[in-house]
2 protein chains.
Amino acid sequence: MTGTLFSQINPPQRLLMGPGPSNTYPRVLRAMAADMLGQFDPEMTSYMNETMALYRDVFMTKNQWTLLINGTARAAIEAALVSLCEPGNKILIINNGRFGLLLSEISERIGAEIVTLDYPWGEVASLEEIEQAIIKHEPHIFACVHGDTSTTTAQPLDGVGEMCRKYNVYSYVDATATLGAMPVATDQWGIDIISAGLQKSMGGPPGCGLITISDRAADFIFSRAHVELGLQDGTQTQSQRSRIKSNYFDLAMIMNYWSEKRLNHHTEATSMLYAAREAACILLEEGLANCFERHRLATTAISEGARAMGLTLFGHDATRMYNVTGIYIPNHIDGEQIRAEMRNRFEIEIGSAFGPLKGKIWRIGTMGHNARPHKVFHTLMAFETVLRRAGLDITPGKAIDAAFAVYEGK
Amino acid sequence: MTGTLFSQINPPQRLLMGPGPSNTYPRVLRAMAADMLGQFDPEMTSYMNETMALYRDVFMTKNQWTLLINGTARAAIEAALVSLCEPGNKILIINNGRFGLLLSEISERIGAEIVTLDYPWGEVASLEEIEQAIIKHEPHIFACVHGDTSTTTAQPLDGVGEMCRKYNVYSYVDATATLGAMPVATDQWGIDIISAGLQKSMGGPPGCGLITISDRAADFIFSRAHVELGLQDGTQTQSQRSRIKSNYFDLAMIMNYWSEKRLNHHTEATSMLYAAREAACILLEEGLANCFERHRLATTAISEGARAMGLTLFGHDATRMYNVTGIYIPNHIDGEQIRAEMRNRFEIEIGSAFGPLKGKIWRIGTMGHNARPHKVFHTLMAFETVLRRAGLDITPGKAIDAAFAVYEGK
């Protein structure tokens with residue numbers, strides 16, 4: 001390794017058609033090449049305010065508290081849950097994929113009492129089932145994943161937030177994999193907190209959490225704020241609620257940092273702020289509806305191409321995500337061997353799977369910069385070639401013709 | 001704001017001579033412009049391994065577990081403390097500046113029992129005083145800040161880690177502000193965990209935590225690892241220690257992710273990994289000793305320049321950090337007005353101060369890419385001009401001549 005230790009960063013030009021990270025928009029990479037600013041310089045705080053405004057549109061919300069979390073998408077999940085959930089609070093979680101399990105994992109560490117609504121991977125909960133569980137368990141928080149890449153399935157959320165409010169339950173949704181690919185309708189759904197990341201359909205690098213917080217949830221979180229050590233002078237009234245168990249993920253402090261008060265917390269990750277701002281600009285310049293349609297078409301083309309090769313899709317068309325497709329690995333085919341051939345012969349990465357789907361499906365992503373016809377076409381032609389050479393009986397050209405038919409509206 | 005919402009990122013070319021963030025090495029900015037890789041692609045894991053190897057040299061250690069935390073420097077502090085400290089454990093903290101206070105703030109949330117060794121800002125603890133406090137309080141952890149930018153003062157650490165081991169105490173040091181500027185001698189000191197960030201003298205952007213962990217501390221942290229929800233099959237023995245209270249900051253999981261096991265945790269922040277790797281290359285190509293001397297000279301030149309103008313320095317020469325200088329604001333001078341003039345007339349940022357030093361001192365940083373003669377010279381000439389025009393009786397040219405004398409070894 002010593003020989004390469006000081007060599008230039010020079011990754012291969014690989015097409016990342018897995019479940020993320022995806023290739024980054026070149027404009028985002030260029031934005032990150034801008035130099036630093038002092039963290040309270042007016043230009044820096046303007047970029048922060050602009051980023052808040054842009055992400056309100058991305059999250060389809062009027063929430064004042066729409067901002068970045070300096071960490072990966074997982075960091076934003078933990079910030080939401082540790083700030084909303086006091087130890088001993090009950091949390092109701094939909095358990096139907098790997099990232100639903102992560103919500104339980106994180107909540108368990110916070111000291112929450114966890115109740116799960118369990119489904120096989122690939123299935124979703126109905127509004128009625130969620131409501132019945134809320135009536136039965138009376139949780140403090142309802143939490144679920146919008147689109148779980150592990151199952152390629154999206155949980156319908158129409159009416160869910162509104163229903164939660166009826167029972168005075170806070171709602172949290174992890175939209176890491178769906179933001180930018182399909183509607184994440186924060187205000188229409190009435191969800192209190194939604195978090196996401198940049199590295200899927202937002203077309204940015206991993207390492208930047210995105211979050212939007214309703215006033216109602218913000219009020220609750222601010223009610224847990226305590227006067228800091230070293231700032232206590234004996235005259236302040238301390239909150240009676242339990243203090244948020246993390247300093248770094250204390251959303252009350254993070255909101256104060258992003259507010260006009262600019263109370264010091266961390267030092268904002270400037271390059272990531274530039275990246276997040278640019279990614280939002282690209283999405284909004286294209287238009288949300290156009291971008292969602294571009295994603296929907298790409299996934300449909302992959303799906304129809306796979307079916308034309310005689311392959312079977314995992315999950316249901318009605319709840320399929322717009323940016324990742326699960327395809328069963330046929331009998332007698334070595335799934336990992338196919339992935340290796342895709343990478344070694346064509347510099348295209350496709351995904352394997354986890355948990356109960358491990359070794360059973362491939363996952364092909366069409367995210368952000370990669371949700372485009374020519375990348376779909378190249379991927380399908382390469383996939384067909386690799387499968388055919390592995391012994392599958394496929395008539396050459398069927399997959400690509402099916403994909404063309406999708407784009408030509410036939 | 002709407003008019004600028006979609007404008008290009010275009011920060012002013014400002015010289016950041018405050019306590020950080022500093023201007024970034026252009027090579028680091030360019031490294032971040034490289035495209036993404038799949039997180040388990042061999043090129044990606046090679047970059048991770050190379051980054052570990054490079055930071056072992058930066059941290060002057062042989063510690064296997066030398067890696068990145070995906071968050072700001074503050075995230076790395078919390079990862080160290082939440083992983084080392086079980087609720088109810090006693091932690092002894094040196095309280096002599098703003099970032100010492102932060103260690104208490106973070107530890108309090110974890111549920112630690114906190115004991116502090118208190119000093120006025122600008123003073124440090126002696127090895128004997130630390131030892132006496134350890135004998136008296138028998139803590140589980142000793143923690144302190146190496147260089148605290150709030151006081152411009154560095155805590156001497158020779159013998160501290162070794163002494164802690166004698167009493168079976170884990171030691172933690174926050175070297176955010178000193179790494180890359182002066183020796184952070186992990187193995188020589190015998191400190192168990194040292195963390196830092198990129199945005200000070202490493203010459204990178206904020207948003208990337210750096211950490212090195214001794215085998216002894218790693219063994220303890222691994223002893224707190226629990227088999228995850230969804231992976232429990234009833235046959236595994238669960239740890240009897242309390243589970244680490246954060247998923248995101250669970251160093252056992254993060255070490256497993258960076259190990260050859262590559263157990264999935266977060267998705268590594270690829271652009272930040274590129275930045276961190278490049279920053280380490282730049283430092284090691286220059287050589288640690290050369291880089292430290294460049295920093296020492298820059299701070300000395302700022303100090304002597306300030307003294308030549310009749311200004312008084314905060315703190316003691318013997319414990320002054322190599323990359324930030326505290327200068328008392330003279331009577332009848334408005335410190336904030338001077339900072340505004342420096343920024344508005346010369347595009348140079350210098351720092352204000354916090355807590356007991358608020359309104360009393362300026363802080364001038366000379367960090368990473370900015371610890372160079374010409375930047376020191378420009379800063380001192382501008383500072384002299386601004387102070388003179390604000391009514392201070394200064395003979396023009398004295399400050400710059402004193403700085404030249406430092407560099408010319410007179």
# chains A, B, ... in the order shown; residues from 1 in each chain; ligands from 1

call {"tool": "interface_residues", "arguments": {"of": "chain A", "to": "chain B", "cutoff": "6 Å", "atoms": "only C-alpha atoms", "output": "ChimeraX atom specification"}}
result
/A:5-6,23,29,33,36,50,70-71,106,109,206-207,245-247,269,281

call {"tool": "residues_around", "arguments": {"residues": "stretch 155-168 of chain B", "least_positions_apart": "5", "cutoff": "10 Å", "atoms": "only C-alpha atoms", "output": "PDB file with N, CA and C atoms, in the first residue's frame"}}
result
ATOM      1  N   ILE B  94     -10.444  18.610  32.919  1.00  0.00           N
ATOM      2  CA  ILE B  94      -9.805  19.906  33.178  1.00  0.00           C
ATOM      3  C   ILE B  94     -10.720  21.003  32.638  1.00  0.00           C
ATOM      4  N   ASN B  96     -10.756  24.688  31.985  1.00  0.00           N
ATOM      5  CA  ASN B  96      -9.980  25.933  31.903  1.00  0.00           C
ATOM      6  C   ASN B  96     -10.211  26.671  30.589  1.00  0.00           C
ATOM      7  N   GLY B 122      -6.709  30.310  30.449  1.00  0.00           N
ATOM      8  CA  GLY B 122      -5.333  30.674  30.135  1.00  0.00           C
ATOM      9  C   GLY B 122      -4.322  29.940  31.005  1.00  0.00           C
ATOM     10  N   GLU B 123      -4.804  29.303  32.087  1.00  0.00           N
ATOM     11  CA  GLU B 123      -3.898  28.536  32.957  1.00  0.00           C
ATOM     12  C   GLU B 123      -4.044  27.049  32.623  1.00  0.00           C
ATOM     13  N   VAL B 124      -3.019  26.263  33.001  1.00  0.00           N
ATOM     14  CA  VAL B 124      -3.039  24.829  32.716  1.00  0.00           C
ATOM     15  C   VAL B 124      -2.807  24.041  33.995  1.00  0.00           C
ATOM     16  N   ALA B 125      -3.081  22.741  33.923  1.00  0.00           N
ATOM     17  CA  ALA B 125      -2.862  21.852  35.062  1.00  0.00           C
ATOM     18  C   ALA B 125      -1.473  21.245  34.969  1.00  0.00           C
ATOM     19  N   SER B 126      -0.838  21.022  36.124  1.00  0.00           N
ATOM     20  CA  SER B 126       0.443  20.319  36.124  1.00  0.00           C
ATOM     21  C   SER B 126       0.175  18.819  36.218  1.00  0.00           C
ATOM     22  N   LEU B 127       1.188  18.046  35.812  1.00  0.00           N
ATOM     23  CA  LEU B 127       1.070  16.595  35.901  1.00  0.00           C
ATOM     24  C   LEU B 127       0.755  16.163  37.333  1.00  0.00           C
ATOM     25  N   GLU B 128       1.371  16.821  38.306  1.00  0.00           N
ATOM     26  CA  GLU B 128       1.165  16.469  39.711  1.00  0.00           C
ATOM     27  C   GLU B 128      -0.272  16.751  40.127  1.00  0.00           C
ATOM     28  N   ILE B 130      -2.885  16.791  38.223  1.00  0.00           N
ATOM     29  CA  ILE B 130      -3.771  15.795  37.602  1.00  0.00           C
ATOM     30  C   ILE B 130      -3.678  14.484  38.379  1.00  0.00           C
ATOM     31  N   GLU B 131      -2.454  14.097  38.726  1.00  0.00           N
ATOM     32  CA  GLU B 131      -2.273  12.833  39.457  1.00  0.00           C
ATOM     33  C   GLU B 131      -2.984  12.876  40.817  1.00  0.00           C
ATOM     34  N   ILE B 134      -6.609  12.419  40.341  1.00  0.00           N
ATOM     35  CA  ILE B 134      -6.948  11.023  39.985  1.00  0.00           C
ATOM     36  C   ILE B 134      -6.924  10.150  41.235  1.00  0.00           C
ATOM     37  N   ILE B 135      -5.931  10.356  42.081  1.00  0.00           N
ATOM     38  CA  ILE B 135      -5.853   9.584  43.331  1.00  0.00           C
ATOM     39  C   ILE B 135      -7.075   9.878  44.205  1.00  0.00           C
ATOM     40  N   GLU B 138     -10.543   8.856  41.831  1.00  0.00           N
ATOM     41  CA  GLU B 138     -10.599   7.543  41.178  1.00  0.00           C
ATOM     42  C   GLU B 138     -11.570   7.506  40.000  1.00  0.00           C
ATOM     43  N   PRO B 139     -11.365   8.351  39.002  1.00  0.00           N
ATOM     44  CA  PRO B 139     -12.301   8.380  37.872  1.00  0.00           C
ATOM     45  C   PRO B 139     -12.110   7.186  36.938  1.00  0.00           C
ATOM     46  N   HIS B 140     -13.128   6.945  36.097  1.00  0.00           N
ATOM     47  CA  HIS B 140     -13.022   5.945  35.026  1.00  0.00           C
ATOM     48  C   HIS B 140     -12.251   6.540  33.845  1.00  0.00           C
ATOM     49  N   ILE B 141     -12.463   7.853  33.626  1.00  0.00           N
ATOM     50  CA  ILE B 141     -11.860   8.546  32.484  1.00  0.00           C
ATOM     51  C   ILE B 141     -11.267   9.877  32.936  1.00  0.00           C
ATOM     52  N   PHE B 142     -10.099  10.214  32.371  1.00  0.00           N
ATOM     53  CA  PHE B 142      -9.572  11.569  32.477  1.00  0.00           C
ATOM     54  C   PHE B 142      -9.703  12.210  31.105  1.00  0.00           C
ATOM     55  N   CYS B 144      -9.346  15.998  28.722  1.00  0.00           N
ATOM     56  CA  CYS B 144      -9.011  17.417  28.626  1.00  0.00           C
ATOM     57  C   CYS B 144      -8.852  17.817  27.165  1.00  0.00           C
ATOM     58  N   VAL B 145      -8.706  19.123  26.977  1.00  0.00           N
ATOM     59  CA  VAL B 145      -8.469  19.679  25.656  1.00  0.00           C
ATOM     60  C   VAL B 145      -6.970  19.942  25.529  1.00  0.00           C
ATOM     61  N   HIS B 146      -6.391  19.604  24.376  1.00  0.00           N
ATOM     62  CA  HIS B 146      -4.973  19.893  24.196  1.00  0.00           C
ATOM     63  C   HIS B 146      -4.778  21.401  24.020  1.00  0.00           C
ATOM     64  N   GLY B 147      -5.240  21.918  22.888  1.00  0.00           N
ATOM     65  CA  GLY B 147      -5.164  23.366  22.686  1.00  0.00           C
ATOM     66  C   GLY B 147      -6.569  23.915  22.579  1.00  0.00           C
ATOM     67  N   ASP B 148      -6.904  24.852  23.436  1.00  0.00           N
ATOM     68  CA  ASP B 148      -8.256  25.404  23.454  1.00  0.00           C
ATOM     69  C   ASP B 148      -8.206  26.781  22.792  1.00  0.00           C
ATOM     70  N   VAL B 173      -8.230  13.006  24.926  1.00  0.00           N
ATOM     71  CA  VAL B 173      -7.772  14.375  24.644  1.00  0.00           C
ATOM     72  C   VAL B 173      -8.423  14.886  23.356  1.00  0.00           C
ATOM     73  N   VAL B 184       1.129  16.296  18.330  1.00  0.00           N
ATOM     74  CA  VAL B 184       0.074  15.559  19.037  1.00  0.00           C
ATOM     75  C   VAL B 184       0.623  14.139  19.123  1.00  0.00           C
ATOM     76  N   ALA B 185       1.335  13.888  20.231  1.00  0.00           N
ATOM     77  CA  ALA B 185       2.196  12.708  20.328  1.00  0.00           C
ATOM     78  C   ALA B 185       1.465  11.580  21.045  1.00  0.00           C
ATOM     79  N   THR B 186       0.484  11.029  20.354  1.00  0.00           N
ATOM     80  CA  THR B 186      -0.418  10.038  20.946  1.00  0.00           C
ATOM     81  C   THR B 186       0.321   8.946  21.706  1.00  0.00           C
ATOM     82  N   ASP B 187       1.243   8.253  21.029  1.00  0.00           N
ATOM     83  CA  ASP B 187       1.901   7.114  21.664  1.00  0.00           C
ATOM     84  C   ASP B 187       2.888   7.556  22.735  1.00  0.00           C
ATOM     85  N   GLN B 188       3.614   8.634  22.467  1.00  0.00           N
ATOM     86  CA  GLN B 188       4.576   9.114  23.461  1.00  0.00           C
ATOM     87  C   GLN B 188       3.858   9.534  24.750  1.00  0.00           C
ATOM     88  N   TRP B 189       2.732  10.197  24.611  1.00  0.00           N
ATOM     89  CA  TRP B 189       1.952  10.604  25.785  1.00  0.00           C
ATOM     90  C   TRP B 189       1.219   9.422  26.432  1.00  0.00           C
ATOM     91  N   GLY B 190       0.911   8.402  25.606  1.00  0.00           N
ATOM     92  CA  GLY B 190       0.154   7.263  26.123  1.00  0.00           C
ATOM     93  C   GLY B 190      -1.329   7.534  26.296  1.00  0.00           C
ATOM     94  N   ILE B 191      -1.843   8.501  25.532  1.00  0.00           N
ATOM     95  CA  ILE B 191      -3.270   8.835  25.633  1.00  0.00           C
ATOM     96  C   ILE B 191      -4.099   7.777  24.891  1.00  0.00           C
ATOM     97  N   ASP B 192      -5.244   7.381  25.468  1.00  0.00           N
ATOM     98  CA  ASP B 192      -6.037   6.295  24.874  1.00  0.00           C
ATOM     99  C   ASP B 192      -6.814   6.732  23.640  1.00  0.00           C
ATOM    100  N   ILE B 193      -7.484   7.869  23.728  1.00  0.00           N
ATOM    101  CA  ILE B 193      -8.235   8.342  22.557  1.00  0.00           C
ATOM    102  C   ILE B 193      -7.932   9.826  22.355  1.00  0.00           C
ATOM    103  N   ARG B 216      -6.191  -0.795  24.030  1.00  0.00           N
ATOM    104  CA  ARG B 216      -6.755  -0.932  25.370  1.00  0.00           C
ATOM    105  C   ARG B 216      -8.163  -0.316  25.415  1.00  0.00           C
ATOM    106  N   ALA B 318       5.050  30.244  27.357  1.00  0.00           N
ATOM    107  CA  ALA B 318       5.436  28.832  27.514  1.00  0.00           C
ATOM    108  C   ALA B 318       4.315  27.876  27.117  1.00  0.00           C
ATOM    109  N   THR B 319       3.066  28.313  27.239  1.00  0.00           N
ATOM    110  CA  THR B 319       1.944  27.415  26.930  1.00  0.00           C
ATOM    111  C   THR B 319       1.095  27.949  25.778  1.00  0.00           C
ATOM    112  N   ARG B 320       1.665  28.858  24.984  1.00  0.00           N
ATOM    113  CA  ARG B 320       0.925  29.409  23.853  1.00  0.00           C
ATOM    114  C   ARG B 320       0.787  28.362  22.737  1.00  0.00           C
ATOM    115  N   MET B 321      -0.405  28.259  22.155  1.00  0.00           N
ATOM    116  CA  MET B 321      -0.580  27.384  21.001  1.00  0.00           C
ATOM    117  C   MET B 321       0.229  27.915  19.818  1.00  0.00           C
TER     118      MET B 321
END

call {"tool": "residues_around", "arguments": {"residues": "A:Asp219", "least_positions_apart": "5", "cutoff": "12 Å", "atoms": "only C-alpha atoms", "output": "list of chain:residue names"}}
result
A:Trp65, A:Ser83, A:Leu84, A:Tyr170, A:Asp192, A:Ile213, A:Ser214, A:Arg224, A:Ala225, A:Leu251, A:Ala252, A:Met255

call {"tool": "closest_residue", "arguments": {"among": "A:Thr176, A:Asn63, A:Ser150, A:Ser259", "to": "A:Pro120", "atoms": "only C-alpha atoms"}}
result
A:Ser150

call {"tool": "atom_distance", "arguments": {"atom1": "atom CA of B:Ile327", "atom2": "atom CA of B:Val386"}}
result
14.8 Å

call {"tool": "residues_around", "arguments": {"residues": "stretch 393-410 of chain A", "least_positions_apart": "6", "cutoff": "10 Å", "atoms": "only C-alpha atoms", "output": "list of chain:residue names"}}
result
A:Arg294, A:Leu297, A:Ala298, A:Thr299, A:Thr300, A:Ala301, A:Ile302, A:Ser303, A:Glu304, A:Gly305, A:Ala306, A:Arg307, A:Ala308, A:Met309, A:Gly310, A:Leu311, A:Pro373, A:Val376, A:Phe377, A:His378, A:Thr379, A:Leu380, A:Met381, A:Ala382, A:Phe383, A:Glu384, A:Thr385, A:Leu387

call {"tool": "select_by_dssp", "arguments": {"residues": "stretch 151-395 of chain B", "states": "alpha helix (DSSP H)", "output": "PyMOL selection string"}}
result
chain B and resi 160-166+186-189+215-222+251-258+270-286+288-308+335-346+373-389

call {"tool": "residues_around", "arguments": {"residues": "B:Ile114", "least_positions_apart": "6", "cutoff": "7 Å", "atoms": "only C-alpha atoms", "output": "list in words"}}
result
Lys90, Ile91, Leu92 and Ser104 of chain B
